[in-house]
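Some notes on the structure that comes next.
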Amino acid sequence: MGSNSDIPASYTDEELRAVTIGELREHNATIDLAEYDPDWPLLYEREAERIGSALGPKSLRIEHVGSTSVPGLAAKPIVDIVLVVADTRDEDAYVPPLEAAGYVLRIREPDWFEHRLFNGPDTRIGLHTFSDGCEEIERMVAFRDWLRTHDDDRALYLAAKRELAAREWRYVQNYADAKSAVVREIVARAYSA
């Protein structure tokens, strides 16, 4: 299971079940990557507005991250969003308003930055929730910003994604975990620049 390091370690089936809220769905297939869709930033904006309205001042920061935030990059058509709240462990402060707006808490990872993941009410999103000051927020934003401005690393990441997506994965999380090495490599360049 992940520890407080830059990228979560690959999960065993038992560990994945332990952090999943509700049914753990097996994938047992390849990963479908969609070509970049210019509607992804619009979907992000709509969700950011909805999240901000639901949480008001409890929403400290909202960022579009992941492959859907990088023009020209193919991605699983799931818009990844970072939400920053004061303390993710204080679920009473932000989970009820998000649930009232239709978001569903799916992952609780106490050993990886106290990360919480919600799915959206009517759009395929991953709402990654972190506590204010968490280093993972800046890592995700730096990775996004670097890929937006460095064609060579964007191409490297895309090639890795396409190769891995062609394999069959029991869980989609296994595919995400398999990208860790190339993500670490690119983040290291972003931080050393």
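Residue numbers start at 1 in each chain; chains themselves are named A, B, ... in the order of the structure tokens; ligands are numbered from 1 in the order shown.
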Polymer residues at most 9 Å from stretch 164-176 of chain A, only C-alpha atoms, same-chain spacing of 6 or more positions, as a list of chain:residue names: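 Near stretch 164-176 of chain A, the qualifying residues are A:Ser10, A:Tyr11, A:Asp13, A:Leu16, A:Leu24, A:Arg25, A:Glu26, A:His27, A:Asn28, A:Ala29, A:Thr30, A:Ile31, A:Asp32, A:Leu33.
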Shell of 8 Å around A:Val79, only C-alpha atoms, local chain residues under 2 positions omitted, as a list in words
Trp40, Leu43, Tyr44, His64, Val65, Gly66, Thr68, Ser69, Pro77, Ile81, Arg124, Ile125 and Gly126 of chain A
Selection to disk with C-alpha atoms, as a CSV table (one decimal), in the first residue's frame:
chain,number,residue,atom,x,y,z
A,40,TRP,CA,-12.4,18.2,-21.2
A,43,LEU,CA,-16.2,19.7,-18.2
A,44,TYR,CA,-13.6,20.6,-15.6
A,64,HIS,CA,-7.6,20.4,-13.4
A,65,VAL,CA,-4.9,17.7,-13.4
A,66,GLY,CA,-4.1,14.5,-15.1
A,68,THR,CA,-7.2,15.5,-19.7
A,69,SER,CA,-5.6,18.8,-18.5
A,77,PRO,CA,-11.9,10.0,-20.7
A,81,ILE,CA,-9.5,17.2,-10.4
A,124,ARG,CA,-16.8,10.8,-15.5
A,125,ILE,CA,-14.4,12.5,-13.0
A,126,GLY,CA,-11.9,11.6,-10.4
*asked:* For the helix (DSSP H, G or I) assignment from backbone DSSP, which residues of stretch 4-80 of chain A qualify? Please present them as an NGL selection string.
replied: :A and (13-19 or 40-58 or 67-69)
Could you write out that same residue set with N, CA and C atoms as an mmCIF file, in the first residue's frame?
data_model
loop_
_atom_site.group_PDB
_atom_site.id
_atom_site.type_symbol
_atom_site.label_atom_id
_atom_site.label_comp_id
_atom_site.auth_asym_id
_atom_site.auth_seq_id
_atom_site.Cartn_x
_atom_site.Cartn_y
_atom_site.Cartn_z
ATOM 1 N N ASP A 13 -4.539 -6.931 -4.261
ATOM 2 C CA ASP A 13 -6.003 -6.995 -4.281
ATOM 3 C C ASP A 13 -6.579 -6.674 -2.901
ATOM 4 N N GLU A 14 -5.970 -7.244 -1.867
ATOM 5 C CA GLU A 14 -6.469 -7.036 -0.506
ATOM 6 C C GLU A 14 -6.366 -5.564 -0.099
ATOM 7 N N GLU A 15 -5.247 -4.919 -0.430
ATOM 8 C CA GLU A 15 -5.070 -3.510 -0.089
ATOM 9 C C GLU A 15 -6.039 -2.627 -0.870
ATOM 10 N N LEU A 16 -6.266 -2.961 -2.133
ATOM 11 C CA LEU A 16 -7.204 -2.190 -2.938
ATOM 12 C C LEU A 16 -8.618 -2.307 -2.382
ATOM 13 N N ARG A 17 -8.997 -3.502 -1.958
ATOM 14 C CA ARG A 17 -10.316 -3.680 -1.330
ATOM 15 C C ARG A 17 -10.427 -2.870 -0.045
ATOM 16 N N ALA A 18 -9.322 -2.808 0.708
ATOM 17 C CA ALA A 18 -9.334 -2.108 1.999
ATOM 18 C C ALA A 18 -9.564 -0.606 1.849
ATOM 19 N N VAL A 19 -9.108 0.004 0.748
ATOM 20 C CA VAL A 19 -9.261 1.449 0.580
ATOM 21 C C VAL A 19 -10.495 1.818 -0.245
ATOM 22 N N TRP A 40 -12.849 18.592 -22.591
ATOM 23 C CA TRP A 40 -12.414 18.233 -21.239
ATOM 24 C C TRP A 40 -12.212 19.447 -20.346
ATOM 25 N N PRO A 41 -11.564 20.519 -20.795
ATOM 26 C CA PRO A 41 -11.454 21.695 -19.916
ATOM 27 C C PRO A 41 -12.813 22.315 -19.579
ATOM 28 N N LEU A 42 -13.764 22.224 -20.504
ATOM 29 C CA LEU A 42 -15.108 22.747 -20.234
ATOM 30 C C LEU A 42 -15.802 21.903 -19.167
ATOM 31 N N LEU A 43 -15.627 20.584 -19.246
ATOM 32 C CA LEU A 43 -16.199 19.704 -18.220
ATOM 33 C C LEU A 43 -15.564 20.013 -16.864
ATOM 34 N N TYR A 44 -14.247 20.233 -16.873
ATOM 35 C CA TYR A 44 -13.576 20.602 -15.626
ATOM 36 C C TYR A 44 -14.179 21.884 -15.050
ATOM 37 N N GLU A 45 -14.333 22.898 -15.872
ATOM 38 C CA GLU A 45 -14.868 24.183 -15.393
ATOM 39 C C GLU A 45 -16.249 24.005 -14.776
ATOM 40 N N ARG A 46 -17.081 23.198 -15.433
ATOM 41 C CA ARG A 46 -18.425 22.955 -14.899
ATOM 42 C C ARG A 46 -18.344 22.267 -13.540
ATOM 43 N N GLU A 47 -17.481 21.258 -13.439
ATOM 44 C CA GLU A 47 -17.353 20.534 -12.169
ATOM 45 C C GLU A 47 -16.747 21.432 -11.093
ATOM 46 N N ALA A 48 -15.756 22.231 -11.451
ATOM 47 C CA ALA A 48 -15.135 23.130 -10.470
ATOM 48 C C ALA A 48 -16.164 24.095 -9.901
ATOM 49 N N GLU A 49 -17.038 24.578 -10.765
ATOM 50 C CA GLU A 49 -18.109 25.464 -10.304
ATOM 51 C C GLU A 49 -19.046 24.743 -9.341
ATOM 52 N N ARG A 50 -19.427 23.520 -9.710
ATOM 53 C CA ARG A 50 -20.344 22.736 -8.874
ATOM 54 C C ARG A 50 -19.712 22.416 -7.518
ATOM 55 N N ILE A 51 -18.434 22.029 -7.531
ATOM 56 C CA ILE A 51 -17.722 21.710 -6.288
ATOM 57 C C ILE A 51 -17.604 22.967 -5.427
ATOM 58 N N GLY A 52 -17.209 24.069 -6.048
ATOM 59 C CA GLY A 52 -17.092 25.327 -5.320
ATOM 60 C C GLY A 52 -18.405 25.769 -4.713
ATOM 61 N N SER A 53 -19.491 25.597 -5.459
ATOM 62 C CA SER A 53 -20.817 25.962 -4.942
ATOM 63 C C SER A 53 -21.217 25.064 -3.774
ATOM 64 N N ALA A 54 -20.886 23.789 -3.861
ATOM 65 C CA ALA A 54 -21.257 22.846 -2.802
ATOM 66 C C ALA A 54 -20.484 23.111 -1.514
ATOM 67 N N LEU A 55 -19.215 23.492 -1.655
ATOM 68 C CA LEU A 55 -18.356 23.619 -0.474
ATOM 69 C C LEU A 55 -18.135 25.045 -0.003
ATOM 70 N N GLY A 56 -18.357 26.012 -0.869
ATOM 71 C CA GLY A 56 -18.104 27.396 -0.468
ATOM 72 C C GLY A 56 -16.669 27.568 -0.009
ATOM 73 N N PRO A 57 -16.446 28.262 1.108
ATOM 74 C CA PRO A 57 -15.082 28.530 1.564
ATOM 75 C C PRO A 57 -14.322 27.283 2.045
ATOM 76 N N LYS A 58 -15.000 26.154 2.193
ATOM 77 C CA LYS A 58 -14.302 24.913 2.573
ATOM 78 C C LYS A 58 -13.455 24.387 1.425
ATOM 79 N N SER A 67 -4.112 13.690 -17.407
ATOM 80 C CA SER A 67 -3.944 13.774 -18.859
ATOM 81 C C SER A 67 -5.004 14.620 -19.543
ATOM 82 N N THR A 68 -6.214 14.664 -19.009
ATOM 83 C CA THR A 68 -7.250 15.481 -19.655
ATOM 84 C C THR A 68 -6.963 16.972 -19.527
ATOM 85 N N SER A 69 -5.997 17.344 -18.686
ATOM 86 C CA SER A 69 -5.638 18.758 -18.505
ATOM 87 C C SER A 69 -4.482 19.179 -19.405
#
Of A:Ala155, A:Leu147, A:Ala34, A:Ile21, the one nearest to A:Ala190 when counting only C-alpha atoms is A:Leu147
Give me the residues within 10 Å of stretch 87-96 of chain A as a CSV table (one decimal) with N, CA and C atoms, in the first residue's frame, counting only C-alpha atoms and dropping any in the same chain fewer than 6 places off.
chain,number,residue,atom,x,y,z
A,54,ALA,N,-20.9,23.8,-3.9
A,54,ALA,CA,-21.3,22.8,-2.8
A,54,ALA,C,-20.5,23.1,-1.5
A,55,LEU,N,-19.2,23.5,-1.7
A,55,LEU,CA,-18.4,23.6,-0.5
A,55,LEU,C,-18.1,25.0,0.0
A,56,GLY,N,-18.4,26.0,-0.9
A,56,GLY,CA,-18.1,27.4,-0.5
A,56,GLY,C,-16.7,27.6,0.0
A,58,LYS,N,-15.0,26.2,2.2
A,58,LYS,CA,-14.3,24.9,2.6
A,58,LYS,C,-13.5,24.4,1.4
A,59,SER,N,-13.7,24.8,0.2
A,59,SER,CA,-12.9,24.5,-1.0
A,59,SER,C,-11.8,25.5,-1.0
A,102,GLY,N,-24.2,15.2,-5.3
A,102,GLY,CA,-24.2,14.0,-6.1
A,102,GLY,C,-22.9,13.3,-6.2
A,103,TYR,N,-21.8,13.8,-5.5
A,103,TYR,CA,-20.5,13.1,-5.6
A,103,TYR,C,-20.5,11.9,-4.7
A,104,VAL,N,-19.8,10.9,-5.1
A,104,VAL,CA,-19.8,9.6,-4.3
A,104,VAL,C,-18.3,9.3,-3.9
A,105,LEU,N,-18.1,9.2,-2.6
A,105,LEU,CA,-16.8,8.8,-2.0
A,105,LEU,C,-16.5,7.4,-2.4
A,108,ARG,N,-10.7,5.8,0.2
A,108,ARG,CA,-10.1,6.5,1.4
A,108,ARG,C,-8.8,5.9,1.6
A,110,PRO,N,-5.8,6.3,3.9
A,110,PRO,CA,-5.1,7.0,5.1
A,110,PRO,C,-3.6,6.9,5.0
A,113,PHE,N,-1.2,10.2,2.0
A,113,PHE,CA,-1.5,11.6,2.1
A,113,PHE,C,-3.0,11.8,2.6
A,114,GLU,N,-3.6,10.8,3.2
A,114,GLU,CA,-5.0,10.9,3.6
A,114,GLU,C,-5.9,11.3,2.4
A,115,HIS,N,-5.6,10.8,1.3
A,115,HIS,CA,-6.3,11.0,0.0
A,115,HIS,C,-7.7,10.4,0.0
A,116,ARG,N,-8.6,11.2,-0.5
A,116,ARG,CA,-10.0,10.7,-0.7
A,116,ARG,C,-10.3,10.9,-2.2
A,118,PHE,N,-13.5,10.9,-5.0
A,118,PHE,CA,-14.9,10.9,-5.3
A,118,PHE,C,-15.1,10.7,-6.8
A,129,THR,N,-9.0,14.4,-3.4
A,129,THR,CA,-9.1,15.4,-2.3
A,129,THR,C,-7.9,15.2,-1.4
A,130,PHE,N,-7.2,16.4,-1.1
A,130,PHE,CA,-6.1,16.4,-0.2
A,130,PHE,C,-6.2,17.5,0.8
A,131,SER,N,-5.5,17.4,1.9
A,131,SER,CA,-5.4,18.4,2.9
A,131,SER,C,-4.5,19.6,2.4
A,132,ASP,N,-4.9,20.7,2.9
A,132,ASP,CA,-4.1,21.9,2.6
A,132,ASP,C,-2.6,21.7,3.0
A,133,GLY,N,-1.7,22.0,2.1
A,133,GLY,CA,-0.3,21.9,2.4
A,133,GLY,C,0.3,20.5,2.0
A,134,CYS,N,-0.5,19.6,1.5
A,134,CYS,CA,0.0,18.3,1.1
A,134,CYS,C,0.9,18.5,-0.1
Those of chain A in DSSP strand (DSSP E), formatted as an MDAnalysis selection string: chainID A and resid 61:65 79:85 104:109 115:119 125:131
(message) When you count only C-alpha atoms, which of these residues is closest to A:Gly72: A:Lys179, A:His128, A:His150, A:Arg106?
(response)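 Answer, going by the shortest atom-to-atom distance: A:His150.
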Review point. Which of these, A:Leu73, A:Asp177, A:Arg148, A:Arg139, has the shortest distance to A:Thr12 once you count only C-alpha atoms?
Key: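 The closest residue to A:Thr12 is A:Asp177.
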